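Shown below: query_31.cif, with mmCIF, C-alpha atoms and all ligand atoms.
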data_final
#
loop_
_atom_site.label_atom_id
_atom_site.label_comp_id
_atom_site.auth_asym_id
_atom_site.auth_seq_id
_atom_site.Cartn_x
_atom_site.Cartn_y
_atom_site.Cartn_z
CA MET A 5 0.00 0.00 0.00
CA THR A 6 1.31 3.41 -0.87
CA LEU A 7 -0.13 6.70 0.20
CA GLN A 8 -1.28 9.01 -2.61
CA PHE A 9 -2.95 12.43 -2.56
CA ARG A 10 -5.52 13.72 -5.02
CA LYS A 11 -6.53 17.37 -4.76
CA LEU A 12 -10.21 18.12 -4.05
CA HIS A 13 -10.08 21.92 -4.38
CA PRO A 14 -7.72 24.34 -6.17
CA LEU A 15 -6.36 25.73 -2.88
CA PHE A 16 -6.43 22.93 -0.32
CA ALA A 17 -8.02 19.60 0.75
CA ALA A 18 -7.02 16.28 -0.77
CA GLU A 19 -8.25 12.71 -0.83
CA ALA A 20 -5.63 10.38 0.59
CA GLY A 21 -5.73 6.89 -0.87
CA GLY A 22 -3.92 3.62 -0.49
CA VAL A 23 -3.80 3.23 3.29
CA ASP A 24 -5.76 1.60 6.07
CA LEU A 25 -4.99 3.95 8.98
CA ARG A 26 -5.21 1.08 11.49
CA ARG A 27 -2.13 -0.38 9.82
CA VAL A 28 -0.06 2.80 9.48
CA HIS A 29 2.67 2.39 12.09
CA ASP A 30 5.89 3.16 10.18
CA SER A 31 7.44 6.56 10.78
CA GLU A 32 7.91 7.20 7.05
CA THR A 33 4.19 6.96 6.19
CA LEU A 34 3.24 8.91 9.32
CA GLU A 35 5.64 11.64 8.27
CA ARG A 36 4.14 11.67 4.76
CA ILE A 37 0.70 12.17 6.30
CA ARG A 38 2.03 15.08 8.39
CA ALA A 39 3.62 16.57 5.28
CA GLY A 40 0.29 16.05 3.46
CA MET A 41 -1.44 17.92 6.29
CA ASP A 42 1.07 20.76 6.01
CA GLU A 43 0.37 21.00 2.28
CA HIS A 44 -3.37 20.31 1.98
CA ALA A 45 -4.65 21.14 5.53
CA VAL A 46 -7.64 18.76 5.10
CA LEU A 47 -7.21 15.08 4.23
CA VAL A 48 -10.09 12.76 3.35
CA PHE A 49 -9.48 9.03 3.92
CA ARG A 50 -12.18 6.75 2.47
CA ASP A 51 -13.38 3.32 3.58
CA GLN A 52 -11.79 3.42 7.02
CA ALA A 53 -13.05 1.29 9.91
CA LEU A 54 -11.33 2.57 13.03
CA SER A 55 -12.71 1.56 16.42
CA SER A 56 -12.47 4.06 19.28
CA ALA A 57 -9.23 2.42 20.41
CA ASP A 58 -7.85 2.49 16.83
CA GLN A 59 -8.70 6.17 16.52
CA LEU A 60 -6.99 7.07 19.81
CA ALA A 61 -3.92 5.02 18.91
CA PHE A 62 -3.65 6.47 15.40
CA ALA A 63 -4.01 10.04 16.72
CA THR A 64 -1.18 9.37 19.18
CA ARG A 65 1.04 7.96 16.42
CA LEU A 66 0.36 10.89 14.10
CA ASP A 67 0.81 13.60 16.73
CA GLY A 68 3.15 13.13 19.67
CA GLY A 69 1.91 16.37 21.28
CA GLY A 70 -0.87 14.57 23.18
CA LEU A 71 -4.66 14.42 22.96
CA HIS A 72 -7.14 17.17 23.80
CA ARG A 73 -9.67 16.34 26.52
CA LYS A 74 -11.47 19.69 26.76
CA THR A 75 -13.08 20.33 23.39
CA GLY A 76 -16.67 20.50 22.23
CA ILE A 77 -19.45 19.08 24.35
CA SER A 78 -17.05 17.99 27.15
CA VAL A 79 -17.77 21.46 28.50
CA LEU A 80 -21.33 20.35 29.35
CA ALA A 81 -21.41 16.60 29.77
CA LYS A 82 -19.26 13.48 29.98
CA SER A 83 -18.46 11.76 26.68
CA ARG A 84 -20.81 8.94 25.65
CA PHE A 85 -17.68 7.08 24.52
CA GLY A 86 -16.22 6.88 28.05
CA ASP A 87 -13.04 8.88 27.35
CA GLU A 88 -12.95 12.68 27.11
CA ALA A 89 -10.43 12.38 24.26
CA LEU A 90 -13.29 10.86 22.19
CA THR A 91 -15.63 13.76 21.46
CA ASP A 92 -19.22 12.82 20.71
CA VAL A 93 -20.25 14.86 17.65
CA SER A 94 -23.79 13.59 17.31
CA ASN A 95 -27.45 14.46 17.68
CA VAL A 96 -28.27 11.59 20.03
CA GLY A 97 -28.51 11.47 23.81
CA ALA A 98 -27.12 9.03 26.39
CA ASP A 99 -30.01 6.66 25.54
CA GLY A 100 -29.02 6.64 21.85
CA GLU A 101 -32.23 8.44 20.78
CA VAL A 102 -32.28 11.49 18.49
CA LEU A 103 -32.44 14.66 20.62
CA ASP A 104 -35.53 16.90 20.72
CA ALA A 105 -35.37 20.38 19.21
CA ASP A 106 -35.22 22.02 22.64
CA ASP A 107 -32.67 19.65 24.20
CA ARG A 108 -29.73 21.53 25.70
CA LYS A 109 -27.12 19.17 24.27
CA ARG A 110 -28.60 19.61 20.79
CA GLN A 111 -28.67 23.39 21.07
CA TYR A 112 -25.06 23.40 22.19
CA GLY A 113 -24.08 21.02 19.38
CA ILE A 114 -25.75 22.91 16.54
CA ALA A 115 -23.39 25.80 17.28
CA ASN A 116 -20.96 23.70 15.19
CA ARG A 117 -22.81 25.38 12.31
CA LEU A 118 -20.86 28.55 13.12
CA TRP A 119 -17.45 28.85 11.46
CA HIS A 120 -14.88 27.74 14.02
CA THR A 121 -11.67 25.90 14.84
CA ASP A 122 -11.62 23.21 17.51
CA ALA A 123 -10.52 24.19 21.01
CA SER A 124 -9.28 27.71 20.19
CA PHE A 125 -10.90 28.60 23.54
CA GLN A 126 -8.42 26.38 25.39
CA ASP A 127 -4.71 26.58 26.08
CA PRO A 128 -3.13 24.59 24.51
CA ARG A 129 -5.40 24.95 21.47
CA GLY A 130 -6.27 22.10 19.09
CA ARG A 131 -3.88 21.04 16.32
CA TYR A 132 -5.19 18.13 14.21
CA SER A 133 -8.83 17.02 14.45
CA MET A 134 -9.81 13.56 13.19
CA LEU A 135 -13.48 12.91 12.58
CA ALA A 136 -14.87 9.44 11.92
CA ALA A 137 -18.33 9.08 10.36
CA LEU A 138 -20.17 6.36 12.32
CA VAL A 139 -23.81 6.85 11.29
CA LEU A 140 -24.79 9.17 8.44
CA PRO A 141 -28.31 10.46 7.76
CA PRO A 142 -30.05 9.62 4.49
CA VAL A 143 -29.92 13.34 3.59
CA ALA A 144 -26.87 15.58 3.00
CA SER A 145 -25.16 16.75 6.21
CA ASP A 146 -22.04 18.35 4.78
CA THR A 147 -19.11 20.01 6.49
CA GLU A 148 -17.43 23.08 5.00
CA PHE A 149 -13.79 24.06 5.39
CA ALA A 150 -12.08 27.40 4.73
CA ASP A 151 -8.38 27.73 3.97
CA MET A 152 -7.00 30.26 6.45
CA ARG A 153 -3.55 30.29 4.86
CA ALA A 154 -5.04 31.36 1.55
CA ALA A 155 -7.10 33.95 3.46
CA TYR A 156 -3.91 35.35 4.96
CA ASP A 157 -2.02 35.29 1.66
CA ALA A 158 -4.81 37.23 -0.07
CA LEU A 159 -4.53 40.21 2.31
CA ALA A 160 -2.75 43.39 1.25
CA ASP A 161 0.79 43.74 2.61
CA GLU A 162 -0.11 46.67 4.84
CA THR A 163 -3.05 44.72 6.29
CA LYS A 164 -0.78 41.76 7.01
CA ALA A 165 1.65 44.10 8.80
CA SER A 166 -1.17 45.68 10.85
CA LEU A 167 -2.35 42.25 12.10
CA GLU A 168 1.04 40.99 13.24
CA GLY A 169 1.23 40.63 17.03
CA LEU A 170 -2.50 41.15 17.69
CA ARG A 171 -3.96 38.96 20.45
CA VAL A 172 -7.51 37.60 20.40
CA HIS A 173 -9.66 36.29 23.24
CA HIS A 174 -11.55 33.09 22.31
CA SER A 175 -14.42 31.79 24.41
CA ILE A 176 -16.88 28.99 23.74
CA ALA A 177 -19.40 30.80 25.92
CA TYR A 178 -19.16 33.81 23.60
CA SER A 179 -19.97 31.86 20.42
CA ARG A 180 -22.90 30.05 22.13
CA VAL A 181 -24.31 33.22 23.67
CA THR A 182 -24.48 34.82 20.19
CA LEU A 183 -27.02 32.04 19.41
CA GLY A 184 -29.05 32.69 22.57
CA PHE A 185 -27.62 29.76 24.55
CA GLU A 186 -27.53 30.35 28.30
CA PHE A 187 -24.86 29.21 30.75
CA SER A 188 -25.14 28.90 34.53
CA GLU A 189 -22.84 31.01 36.68
CA GLU A 190 -20.78 27.93 37.52
CA GLU A 191 -20.38 27.06 33.83
CA SER A 192 -19.43 30.63 32.93
CA ASP A 193 -16.77 30.57 35.65
CA ARG A 194 -15.26 27.45 34.09
CA LEU A 195 -15.34 28.90 30.57
CA LYS A 196 -12.97 31.80 30.83
CA GLY A 197 -11.48 31.15 27.40
CA ALA A 198 -7.94 31.62 26.08
CA ILE A 199 -5.81 34.25 24.36
CA GLN A 200 -4.49 33.36 20.90
CA PRO A 201 -2.44 35.20 18.27
CA LEU A 202 -4.48 36.45 15.29
CA VAL A 203 -1.74 35.28 12.94
CA LEU A 204 -0.25 31.81 13.38
CA LYS A 205 2.89 30.45 11.77
CA ASN A 206 3.29 26.72 11.12
CA PRO A 207 6.72 25.99 12.65
CA ARG A 208 7.33 23.16 10.15
CA THR A 209 6.65 25.19 6.99
CA GLY A 210 6.87 28.83 8.08
CA ARG A 211 3.49 29.41 6.38
CA ARG A 212 1.20 31.94 8.06
CA SER A 213 -2.55 31.69 8.55
CA LEU A 214 -5.35 33.78 10.04
CA TYR A 215 -6.43 32.14 13.28
CA LEU A 216 -10.12 32.94 13.64
CA ALA A 217 -13.30 31.34 14.94
CA SER A 218 -16.79 32.38 16.03
CA HIS A 219 -15.32 31.89 19.52
CA ALA A 220 -13.19 35.03 18.94
CA SER A 221 -14.78 37.61 21.23
CA ARG A 222 -12.40 40.56 21.08
CA ILE A 223 -8.95 41.80 20.14
CA LEU A 224 -7.05 42.66 23.29
CA ASP A 225 -5.03 45.39 21.59
CA ARG A 226 -8.02 47.33 20.16
CA PRO A 227 -11.16 48.97 21.58
CA VAL A 228 -13.85 46.25 21.76
CA PRO A 229 -16.10 47.48 18.89
CA ASP A 230 -13.13 48.13 16.58
CA GLY A 231 -11.77 44.64 17.29
CA ARG A 232 -15.14 42.97 16.76
CA LEU A 233 -15.65 44.75 13.45
CA LEU A 234 -12.19 43.74 12.28
CA LEU A 235 -12.85 40.12 13.30
CA ARG A 236 -16.13 40.14 11.35
CA ASP A 237 -14.45 41.56 8.25
CA LEU A 238 -11.71 38.95 8.41
CA MET A 239 -14.22 36.10 8.90
CA GLU A 240 -16.16 37.31 5.87
CA HIS A 241 -12.98 37.57 3.81
CA ALA A 242 -11.76 34.11 4.86
CA THR A 243 -15.01 32.31 4.06
CA GLY A 244 -15.71 34.04 0.77
CA PRO A 245 -16.14 32.36 -2.61
CA GLY A 246 -13.14 30.36 -3.72
CA HIS A 247 -11.82 29.75 -0.19
CA VAL A 248 -14.25 26.99 0.84
CA TYR A 249 -14.23 23.21 0.30
CA ARG A 250 -17.56 21.49 0.99
CA HIS A 251 -17.32 17.86 2.06
CA SER A 252 -20.23 15.51 1.30
CA TRP A 253 -19.86 12.61 3.72
CA GLN A 254 -19.76 9.00 2.59
CA SER A 255 -19.89 5.97 4.81
CA GLY A 256 -16.34 5.05 5.96
CA ASP A 257 -14.98 8.60 5.66
CA PHE A 258 -12.29 9.66 8.11
CA LEU A 259 -11.24 13.31 7.88
CA ILE A 260 -8.21 15.00 9.36
CA TRP A 261 -7.94 18.78 9.40
CA ASP A 262 -5.38 21.23 10.75
CA ASN A 263 -7.13 23.65 13.10
CA ARG A 264 -4.27 26.14 12.73
CA ALA A 265 -4.76 26.36 8.97
CA THR A 266 -8.54 25.98 8.48
CA MET A 267 -11.93 26.86 9.89
CA HIS A 268 -14.90 24.53 9.50
CA ARG A 269 -18.64 24.44 10.04
CA ALA A 270 -21.41 21.85 9.91
CA ARG A 271 -24.23 22.54 7.45
CA PRO A 272 -27.82 22.20 8.62
CA PHE A 273 -30.00 19.16 7.96
CA ASP A 274 -33.22 17.82 9.46
CA ASP A 275 -31.43 16.82 12.66
CA THR A 276 -34.51 16.16 14.79
CA GLN A 277 -35.57 13.47 12.28
CA HIS A 278 -32.34 11.78 11.23
CA ARG A 279 -29.52 10.34 13.28
CA ARG A 280 -25.96 11.54 12.59
CA GLU A 281 -23.14 10.17 14.73
CA MET A 282 -19.47 11.13 14.43
CA ARG A 283 -16.53 10.61 16.76
CA ARG A 284 -13.71 13.14 16.95
CA VAL A 285 -10.21 13.08 18.41
CA THR A 286 -8.25 16.35 18.52
CA THR A 287 -4.58 16.69 19.35
CA LEU A 288 -2.95 19.42 21.43
CA ASP A 289 -1.05 22.11 19.56
CA THR A 290 2.07 21.65 21.59
CA GLY A 291 5.60 20.52 20.81
CA ASP A 292 6.62 18.70 17.66
CA PRO A 293 3.99 16.33 16.21
CA ALA A 294 6.73 13.89 15.14
CA ARG A 295 8.20 13.89 18.66
CA ILE A 296 7.22 10.45 19.93
CA ALA A 297 6.45 8.84 16.59
CA GLN A 298 9.35 6.43 16.94
CA ALA A 299 8.43 5.56 20.50
CA VAL A 300 4.93 4.26 19.62
C1 LIG B 401 -16.30 18.87 14.74
C2 LIG B 401 -17.26 19.64 13.91
C3 LIG B 401 -18.74 19.48 12.01
C4 LIG B 401 -19.71 18.47 11.51
O1 LIG B 401 -16.38 17.63 14.74
O2 LIG B 401 -15.45 19.50 15.36
O3 LIG B 401 -17.30 20.82 13.99
O4 LIG B 401 -20.17 18.65 10.36
N1 LIG B 401 -17.98 18.92 13.05
O5 LIG B 401 -20.03 17.55 12.26
MN MN B 402 -15.50 21.51 15.19
#

Take the structure in this file and express it as structure tokens.
Ligand code: OGA
Ligand code: MN
Amino acid sequence: MTLQFRKLHPLFAAEAGGVDLRRVHDSETLERIRAGMDEHAVLVFRDQALSSADQLAFATRLDGGGLHRKTGISVLAKSRFGDEALTDVSNVGADGEVLDADDRKRQYGIANRLWHTDASFQDPRGRYSMLAALVLPPVASDTEFADMRAAYDALADETKASLEGLRVHHSIAYSRVTLGFEFSEEESDRLKGAIQPLVLKNPRTGRRSLYLASHASRILDRPVPDGRLLLRDLMEHATGPGHVYRHSWQSGDFLIWDNRATMHRARPFDDTQHRREMRRVTTLDTGDPARIAQAV
């Protein structure tokens, strides 16, 4: 088996063929996947069949920086999969039934329809996210991705210079509150958020990207309204025509994206009628991803 990449969009995203990720243990192939991530930022692997344990083990082989245990719904409830590193991205409750329209878990989850990156509201933030499709609805339930390196590259030189060094506060409470979601005082206390640079540089490639999300509440170095307006302009710019890849899920799909280089959002579907179950593992953006590859 040899790994090959086939581009899915002029700017980014590729289908990766020729490997069963359960069997990828050699450091050479793992390094080619990391290099593929650096180049394409979103990789689509078809016909994969990873169990929870396979997914955790593969994530650890690919990224020696460690696994994130504080993303997504973990803020509200324990993971249905019994390990906080396995994020439940689904519209079903603990009993396995599709959630009602007014269920709190559902209302929290549909905020994935806002453009975001995973765990930007935590320190360390998320690096790679790996999403396995377990149960797909009979209707389209696509995910869109935006290339934040291309968004950065397309800015005028003086704009790039003006953004350098700016610091942004990201909070999951902020993005949910914009949708009318309410948090208890105890929850708000736990969700203080994190400060992130507005411009990130991939240490392996030197390539810069805009680091944005609907979690971005304000720019520390600007008056609040000025910062919010700038964040809105940049979000609009980054998600404009030509910068977005739309993924139509097929059974067996396993996607990896780089949260430093992309934003993503779920597209709406009739989620109170149809079941959609996905399982995500996200790595910590810390250290060198190849660090412990040999040790695994
Ligand atoms: C995620 C996410 C979007 C989707 O898993 O982090 O945002 O379409 N998913 O499920
Ligand atoms: Mn997400």

Place a sphere of radius 9 Å on (4.6, 12.8, 16.5) in the file coordinates and name every protein, DNA or RNA residue with an atom inside or on its surface, counting all atoms listed in the file; give the answer as a ChimeraX atom specification. /A:31,34-35,38,64-70,291-298

Generate a file of the selected residues that holds C-alpha atoms, formatted as a short mmCIF file (atom, residue, chain, number, x, y, z; two decimals), in the coordinates of the input.
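Saved to selection.cif:
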data_model
loop_
_atom_site.label_atom_id
_atom_site.label_comp_id
_atom_site.auth_asym_id
_atom_site.auth_seq_id
_atom_site.Cartn_x
_atom_site.Cartn_y
_atom_site.Cartn_z
CA SER A 31 7.44 6.56 10.78
CA LEU A 34 3.24 8.91 9.32
CA GLU A 35 5.64 11.64 8.27
CA ARG A 38 2.03 15.08 8.39
CA THR A 64 -1.18 9.37 19.18
CA ARG A 65 1.04 7.96 16.42
CA LEU A 66 0.36 10.89 14.10
CA ASP A 67 0.81 13.60 16.73
CA GLY A 68 3.15 13.13 19.67
CA GLY A 69 1.91 16.37 21.28
CA GLY A 70 -0.87 14.57 23.18
CA GLY A 291 5.60 20.52 20.81
CA ASP A 292 6.62 18.70 17.66
CA PRO A 293 3.99 16.33 16.21
CA ALA A 294 6.73 13.89 15.14
CA ARG A 295 8.20 13.89 18.66
CA ILE A 296 7.22 10.45 19.93
CA ALA A 297 6.45 8.84 16.59
CA GLN A 298 9.35 6.43 16.94
#

Let me have all residues with an atom within 6 Å of ligand MN 402 (chain B), counting all atoms listed in the file, laid out as an NGL selection string. :A and (116 or 121-122)

Taking a cut-off of 12 Å and counting all atoms listed in the file, can you build a table that, for each residue of region 209-236 of chain A near region 133-154 of chain A, reports the nearest atom pair and how far apart they are in Å (one decimal), sorted by chain then residue number, as JSON lines?
{"residue": "A:Thr209", "atom": "CA", "partner": "A:Arg153", "partner_atom": "CA", "distance": 11.6}
{"residue": "A:Gly210", "atom": "CA", "partner": "A:Arg153", "partner_atom": "CA", "distance": 11.0}
{"residue": "A:Arg211", "atom": "CA", "partner": "A:Arg153", "partner_atom": "CA", "distance": 7.3}
{"residue": "A:Arg212", "atom": "CA", "partner": "A:Arg153", "partner_atom": "CA", "distance": 6.0}
{"residue": "A:Ser213", "atom": "CA", "partner": "A:Arg153", "partner_atom": "CA", "distance": 4.1}
{"residue": "A:Leu214", "atom": "CA", "partner": "A:Met152", "partner_atom": "CA", "distance": 5.3}
{"residue": "A:Tyr215", "atom": "CA", "partner": "A:Met152", "partner_atom": "CA", "distance": 7.1}
{"residue": "A:Leu216", "atom": "CA", "partner": "A:Met152", "partner_atom": "CA", "distance": 8.3}
{"residue": "A:Ala217", "atom": "CA", "partner": "A:Met152", "partner_atom": "CA", "distance": 10.6}

Save out the residues we just selected, C-alpha atoms, as a compact mmCIF listing (two decimals), in the frame of the given file.
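As written to disk, selection_33.txt reads:
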# COMPACT_ATOMS: atom_id res chain seq x y z
CA THR A 209 6.65 25.19 6.99
CA GLY A 210 6.87 28.83 8.08
CA ARG A 211 3.49 29.41 6.38
CA ARG A 212 1.20 31.94 8.06
CA SER A 213 -2.55 31.69 8.55
CA LEU A 214 -5.35 33.78 10.04
CA TYR A 215 -6.43 32.14 13.28
CA LEU A 216 -10.12 32.94 13.64
CA ALA A 217 -13.30 31.34 14.94

Using all atoms listed in the file, which protein or nucleic acid residues are at most 10 Å from ligand LIG 401 (chain B), as a ChimeraX atom specification? /A:75-77,91-95,113-123,133-137,145-149,251-253,259,261,263,267-272,280-286

Expressed in Å to a single decimal, how great is the separation between CA of Ala81 (chain A) and CA of Phe258 (chain A)? 24.5 Å

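Nearest to Pro201 (chain A) of all the residues A:Leu183, A:Ala158, A:Leu224, A:Val172 is A:Val172, counting only C-alpha atoms.
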
To one decimal place in Å, what is the distance between CA of Asp87 (chain A) and CA of Asp58 (chain A)? 13.4 Å

For the contact check between region 219-288 of chain A and region 96-103 of chain A, emit one row per residue of region 219-288 of chain A within 8 Å, containing the shortest atom pair and the distance in Å rounded to one decimal, counting all atoms listed in the file, chain then rising number order, as a Markdown table.
| residue | atom | partner | partner_atom | distance |
| --- | --- | --- | --- | --- |
| A:Asp275 | CA | A:Val102 | CA | 7.9 |
| A:Thr276 | CA | A:Val102 | CA | 6.4 |
| A:Gln277 | CA | A:Val102 | CA | 7.3 |
| A:His278 | CA | A:Val102 | CA | 7.3 |
| A:Arg279 | CA | A:Val102 | CA | 6.0 |
| A:Arg280 | CA | A:Val96 | CA | 7.8 |
| A:Glu281 | CA | A:Val96 | CA | 7.5 |

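Reported to one decimal place, the separation of CA of Lys164 (chain A) from CA of Leu15 (chain A) is 19.6 Å.
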